[in-house]
Number of protein chains: 4
Amino acid sequence: MATPIGSTTWAVAEGYIPDGSTGPEPAMTSHETLCFLNAGDRDASVEILLYFPDREPVGPYLLSVPARRTRHQRLNDLEDPEPVPRGADYAMLVRSDVPVVVQHTRIDTRQAENGLMTTMAYPAAAP
Amino acid sequence: MATPIGSTTWAVAEGYIPDGSTGPEPAMTSHETLCFLNAGDRDASVEILLYFPDREPVGPYLLSVPARRTRHQRLNDLEDPEPVPRGADYAMLVRSDVPVVVQHTRIDTRQAENGLMTTMAYPAAAP
Amino acid sequence: MATPIGSTTWAVAEGYIPDGSTGPEPAMTSHETLCFLNAGDRDASVEILLYFPDREPVGPYLLSVPARRTRHQRLNDLEDPEPVPRGADYAMLVRSDVPVVVQHTRIDTRQAENGLMTTMAYPAAAP
Amino acid sequence: MATPIGSTTWAVAEGYIPDGSTGPEPAMTSHETLCFLNAGDRDASVEILLYFPDREPVGPYLLSVPARRTRHQRLNDLEDPEPVPRGADYAMLVRSDVPVVVQHTRIDTRQAENGLMTTMAYPAAAP
């Protein structure tokens, strides 16, 4: 029942945390989320690298996704090795030691009503 | 004319039913939908497993998608074995005994104007 | 420079034309669009089949996408063999005699501010 | 650590820059963006071709994405060989001499509150 599903490398080219929010925090804070599904029986060790227009990549940001669990990680909350800048373009590369599924979502509440967008990340390597 | 199209395993990493709505029910109730297309000539038996951050998966939720039909299943309406929690992170794994196509959509009406997002689910197995 | 790009079969599981609009017509009419890119040197003959929850598929809807052209076809404007119902669930299967790229978009203006969503269709057959 | 990730050909069928905006410029100007991630060690030379419903393709638009960088290119800002028309349907074909990842996003601020949509482009060739 616990088949590894997904890929070990995923990419998202469009990263941007809007600088400004409207509405109650933290639900309505403008944010981006990387959502992980680990449907397998082994815990996943995940590394996130952030790419920028004008400097070398930053990372890896390390996190774990336990077996048979999901993790919805706000990019806003990553702190180590450094916070993700607001209002700045970036991109994401995700590597995992076991197959996972990765999806990216943004909620933008700079204006009074929220804008939403999501996409599956690009699976760069099959298991 | 009735070729099986799609995959028998699909994953969605970003599940979240907003807790709160604005506007006339049920159209404008904040909801998530799994949309199925069964373009083949055999009825599909579908199982949905829900994954959470902090407990074992729940399911399977069972449903059928008849041959040559679509089904747009609101996650909000799943009741057995238990309702889907509101305002909580989850993820979805879908298995079907015949190939189908699966797409995921959210409408968020917590604020006065709706936010919309959609993506094809991740096809984890080819027919 | 005119390589055929894409697939000859595409599926979209989430079809729904909201019944109601806000704002100037036709730009702000709630609508769904199938967008085609034919990057090749041969005109494409395209068939669209619509699937419903409770009756046999309807179609084919026939249209052409000339070589080296895009076509953004509003589902709202399909009339033959019958109009697409408003406020009703459906799904789409697209077949083309040459490879094309297909993307699906919805704009929902039932509330005062528009909601937008898009996804690449699911490519069911490679060239 | 710098593996080439992605594809050398990408397509987006749904291009449309809304003609009109609400809110402070340039952040809230209605726009479309092609986001590139070059996770490899070689700079990427990228060509964009634009397709229209009723005339031959326009381009190539030339740009570079340095090694280990992201570039978020607003379609609004392309000028050579000609600006991208506003309020008009188009589609995009992207070619790169090294693998990159391409994602497309639109923000529509014609009405007071923004609408957002995104999708991975369609990867037409593997590295």
# chains A, B, ... in the order shown; residues from 1 in each chain; ligands from 1
>>> interface_residues(of="chain B", to="chain D", cutoff="8 Å", atoms="only C-alpha atoms", output="number ranges by chain")
B: 115, 117, 119
>>> residues_around(residues="Pro123 of chain C", least_positions_apart="6", cutoff="10 Å", atoms="only C-alpha atoms", output="list in words")
Ile5 and Gly6 of chain B; Gly6, Ser7, Thr8, Thr9, Trp10, Ala11, Val12, Val94, Val100, Val101 and Val102 of chain C; Tyr122 of chain D
>>> atom_distance(atom1="atom CA of Met92 of chain C", atom2="atom CA of Phe36 of chain C")
13.7 Å
>>> atom_distance(atom1="atom CA of Ser64 of chain D", atom2="atom CA of Pro60 of chain A")
25.4 Å
>>> closest_residue(among="A:Ala67, A:Leu49, A:Ala13, A:Met28", to="Val98 of chain A", atoms="only C-alpha atoms")
A:Ala67
>>> atom_distance(atom1="atom CA of Val84 of chain A", atom2="atom CA of Thr109 of chain B")
28.1 Å
>>> residues_around(residues="Arg55 of chain C", least_positions_apart="6", cutoff="12 Å", atoms="only C-alpha atoms", output="number ranges by chain")
B: 66-71; C: 89-90
>>> residues_around(residues="Pro18 of chain D", least_positions_apart="3", cutoff="12 Å", atoms="only C-alpha atoms", output="ChimeraX atom specification")
/C:27-28 /D:15,21-22,28-32,75-76,84-90,106-111,114-115
>>> write_last_selection(atoms="C-alpha atoms", output="PDB file, in the first residue's frame")
ATOM      1  CA  ALA C  27     -13.915  40.333 -22.227  1.00  0.00           C
ATOM      2  CA  MET C  28     -15.277  39.855 -18.727  1.00  0.00           C
TER       3      MET C  28
ATOM      4  CA  GLY D  15      -0.723  33.999 -24.224  1.00  0.00           C
ATOM      5  CA  SER D  21      -4.547  47.581 -15.135  1.00  0.00           C
ATOM      6  CA  THR D  22      -5.500  48.675 -11.641  1.00  0.00           C
ATOM      7  CA  MET D  28       0.306  45.637 -10.413  1.00  0.00           C
ATOM      8  CA  THR D  29       0.453  46.217 -14.156  1.00  0.00           C
ATOM      9  CA  SER D  30      -1.357  43.378 -15.917  1.00  0.00           C
ATOM     10  CA  HIS D  31       1.433  41.236 -17.260  1.00  0.00           C
ATOM     11  CA  GLU D  32       2.666  37.849 -18.375  1.00  0.00           C
ATOM     12  CA  LEU D  75       6.482  39.499 -22.069  1.00  0.00           C
ATOM     13  CA  ASN D  76       5.386  43.116 -21.723  1.00  0.00           C
ATOM     14  CA  VAL D  84       3.908  42.057 -27.852  1.00  0.00           C
ATOM     15  CA  PRO D  85       0.427  43.357 -28.655  1.00  0.00           C
ATOM     16  CA  ARG D  86      -1.928  44.001 -25.726  1.00  0.00           C
ATOM     17  CA  GLY D  87      -5.384  42.506 -25.602  1.00  0.00           C
ATOM     18  CA  ALA D  88      -4.556  40.020 -28.363  1.00  0.00           C
ATOM     19  CA  ASP D  89      -4.256  36.224 -28.435  1.00  0.00           C
ATOM     20  CA  TYR D  90      -0.862  34.668 -28.944  1.00  0.00           C
ATOM     21  CA  ARG D 106      -0.250  35.917 -15.765  1.00  0.00           C
ATOM     22  CA  ILE D 107      -1.458  38.595 -13.396  1.00  0.00           C
ATOM     23  CA  ASP D 108      -4.649  40.287 -14.542  1.00  0.00           C
ATOM     24  CA  THR D 109      -5.489  43.549 -12.789  1.00  0.00           C
ATOM     25  CA  ARG D 110      -8.133  44.849 -15.168  1.00  0.00           C
ATOM     26  CA  GLN D 111     -10.554  44.619 -12.286  1.00  0.00           C
ATOM     27  CA  ASN D 114      -5.846  40.740  -9.189  1.00  0.00           C
ATOM     28  CA  GLY D 115      -6.371  37.380 -10.833  1.00  0.00           C
TER      29      GLY D 115
END
>>> select_by_dssp(residues="segment 5-55 of chain B", states="strand (DSSP E)", output="VMD selection string")
chain B and resid 7 to 15 31 to 38 44 to 51
>>> write_last_selection(atoms="N, CA and C atoms", output="mmCIF file, in the first residue's frame")
data_model
loop_
_atom_site.group_PDB
_atom_site.id
_atom_site.type_symbol
_atom_site.label_atom_id
_atom_site.label_comp_id
_atom_site.auth_asym_id
_atom_site.auth_seq_id
_atom_site.Cartn_x
_atom_site.Cartn_y
_atom_site.Cartn_z
ATOM 1 N N SER B 7 -4.033 7.576 -16.672
ATOM 2 C CA SER B 7 -3.166 6.812 -15.785
ATOM 3 C C SER B 7 -4.036 6.162 -14.707
ATOM 4 N N THR B 8 -3.463 5.156 -14.027
ATOM 5 C CA THR B 8 -4.219 4.503 -12.952
ATOM 6 C C THR B 8 -3.811 5.000 -11.563
ATOM 7 N N THR B 9 -2.791 5.854 -11.488
ATOM 8 C CA THR B 9 -2.365 6.415 -10.197
ATOM 9 C C THR B 9 -2.092 7.902 -10.378
ATOM 10 N N TRP B 10 -2.645 8.708 -9.498
ATOM 11 C CA TRP B 10 -2.473 10.159 -9.577
ATOM 12 C C TRP B 10 -2.259 10.708 -8.176
ATOM 13 N N ALA B 11 -1.460 11.766 -8.078
ATOM 14 C CA ALA B 11 -1.190 12.369 -6.774
ATOM 15 C C ALA B 11 -1.391 13.876 -6.824
ATOM 16 N N VAL B 12 -1.891 14.421 -5.718
ATOM 17 C CA VAL B 12 -2.009 15.864 -5.522
ATOM 18 C C VAL B 12 -1.417 16.173 -4.157
ATOM 19 N N ALA B 13 -0.390 17.025 -4.118
ATOM 20 C CA ALA B 13 0.308 17.276 -2.856
ATOM 21 C C ALA B 13 -0.322 18.403 -2.045
ATOM 22 N N GLU B 14 -1.059 19.285 -2.699
ATOM 23 C CA GLU B 14 -1.576 20.496 -2.048
ATOM 24 C C GLU B 14 -3.080 20.380 -1.857
ATOM 25 N N GLY B 15 -3.478 19.848 -0.718
ATOM 26 C CA GLY B 15 -4.894 19.799 -0.369
ATOM 27 C C GLY B 15 -5.171 20.694 0.817
ATOM 28 N N HIS B 31 -14.254 25.341 -1.678
ATOM 29 C CA HIS B 31 -14.195 23.890 -1.826
ATOM 30 C C HIS B 31 -13.040 23.456 -2.708
ATOM 31 N N GLU B 32 -12.733 22.169 -2.607
ATOM 32 C CA GLU B 32 -11.794 21.522 -3.514
ATOM 33 C C GLU B 32 -12.523 20.407 -4.244
ATOM 34 N N THR B 33 -12.132 20.231 -5.497
ATOM 35 C CA THR B 33 -12.772 19.218 -6.330
ATOM 36 C C THR B 33 -11.706 18.353 -6.995
ATOM 37 N N LEU B 34 -11.910 17.049 -6.983
ATOM 38 C CA LEU B 34 -11.161 16.143 -7.843
ATOM 39 C C LEU B 34 -12.046 15.828 -9.042
ATOM 40 N N CYS B 35 -11.555 16.169 -10.229
ATOM 41 C CA CYS B 35 -12.326 15.930 -11.444
ATOM 42 C C CYS B 35 -11.751 14.722 -12.174
ATOM 43 N N PHE B 36 -12.625 13.811 -12.539
ATOM 44 C CA PHE B 36 -12.234 12.576 -13.220
ATOM 45 C C PHE B 36 -12.824 12.563 -14.619
ATOM 46 N N LEU B 37 -12.019 12.133 -15.575
ATOM 47 C CA LEU B 37 -12.538 11.814 -16.905
ATOM 48 C C LEU B 37 -12.231 10.348 -17.182
ATOM 49 N N ASN B 38 -13.284 9.575 -17.380
ATOM 50 C CA ASN B 38 -13.148 8.188 -17.809
ATOM 51 C C ASN B 38 -13.599 8.113 -19.264
ATOM 52 N N ALA B 44 -14.925 2.779 -13.991
ATOM 53 C CA ALA B 44 -13.734 2.863 -13.152
ATOM 54 C C ALA B 44 -14.112 2.800 -11.677
ATOM 55 N N SER B 45 -13.407 1.926 -10.937
ATOM 56 C CA SER B 45 -13.507 1.907 -9.472
ATOM 57 C C SER B 45 -12.310 2.677 -8.931
ATOM 58 N N VAL B 46 -12.588 3.731 -8.199
ATOM 59 C CA VAL B 46 -11.554 4.658 -7.760
ATOM 60 C C VAL B 46 -11.428 4.634 -6.244
ATOM 61 N N GLU B 47 -10.177 4.661 -5.782
ATOM 62 C CA GLU B 47 -9.887 4.766 -4.353
ATOM 63 C C GLU B 47 -9.079 6.034 -4.105
ATOM 64 N N ILE B 48 -9.466 6.789 -3.114
ATOM 65 C CA ILE B 48 -8.730 7.992 -2.720
ATOM 66 C C ILE B 48 -8.167 7.775 -1.322
ATOM 67 N N LEU B 49 -6.871 8.028 -1.183
ATOM 68 C CA LEU B 49 -6.238 8.021 0.142
ATOM 69 C C LEU B 49 -5.869 9.453 0.489
ATOM 70 N N LEU B 50 -6.135 9.865 1.723
ATOM 71 C CA LEU B 50 -5.745 11.202 2.176
ATOM 72 C C LEU B 50 -4.562 11.095 3.127
ATOM 73 N N TYR B 51 -3.576 11.970 2.915
ATOM 74 C CA TYR B 51 -2.374 12.004 3.739
ATOM 75 C C TYR B 51 -2.356 13.296 4.556
#
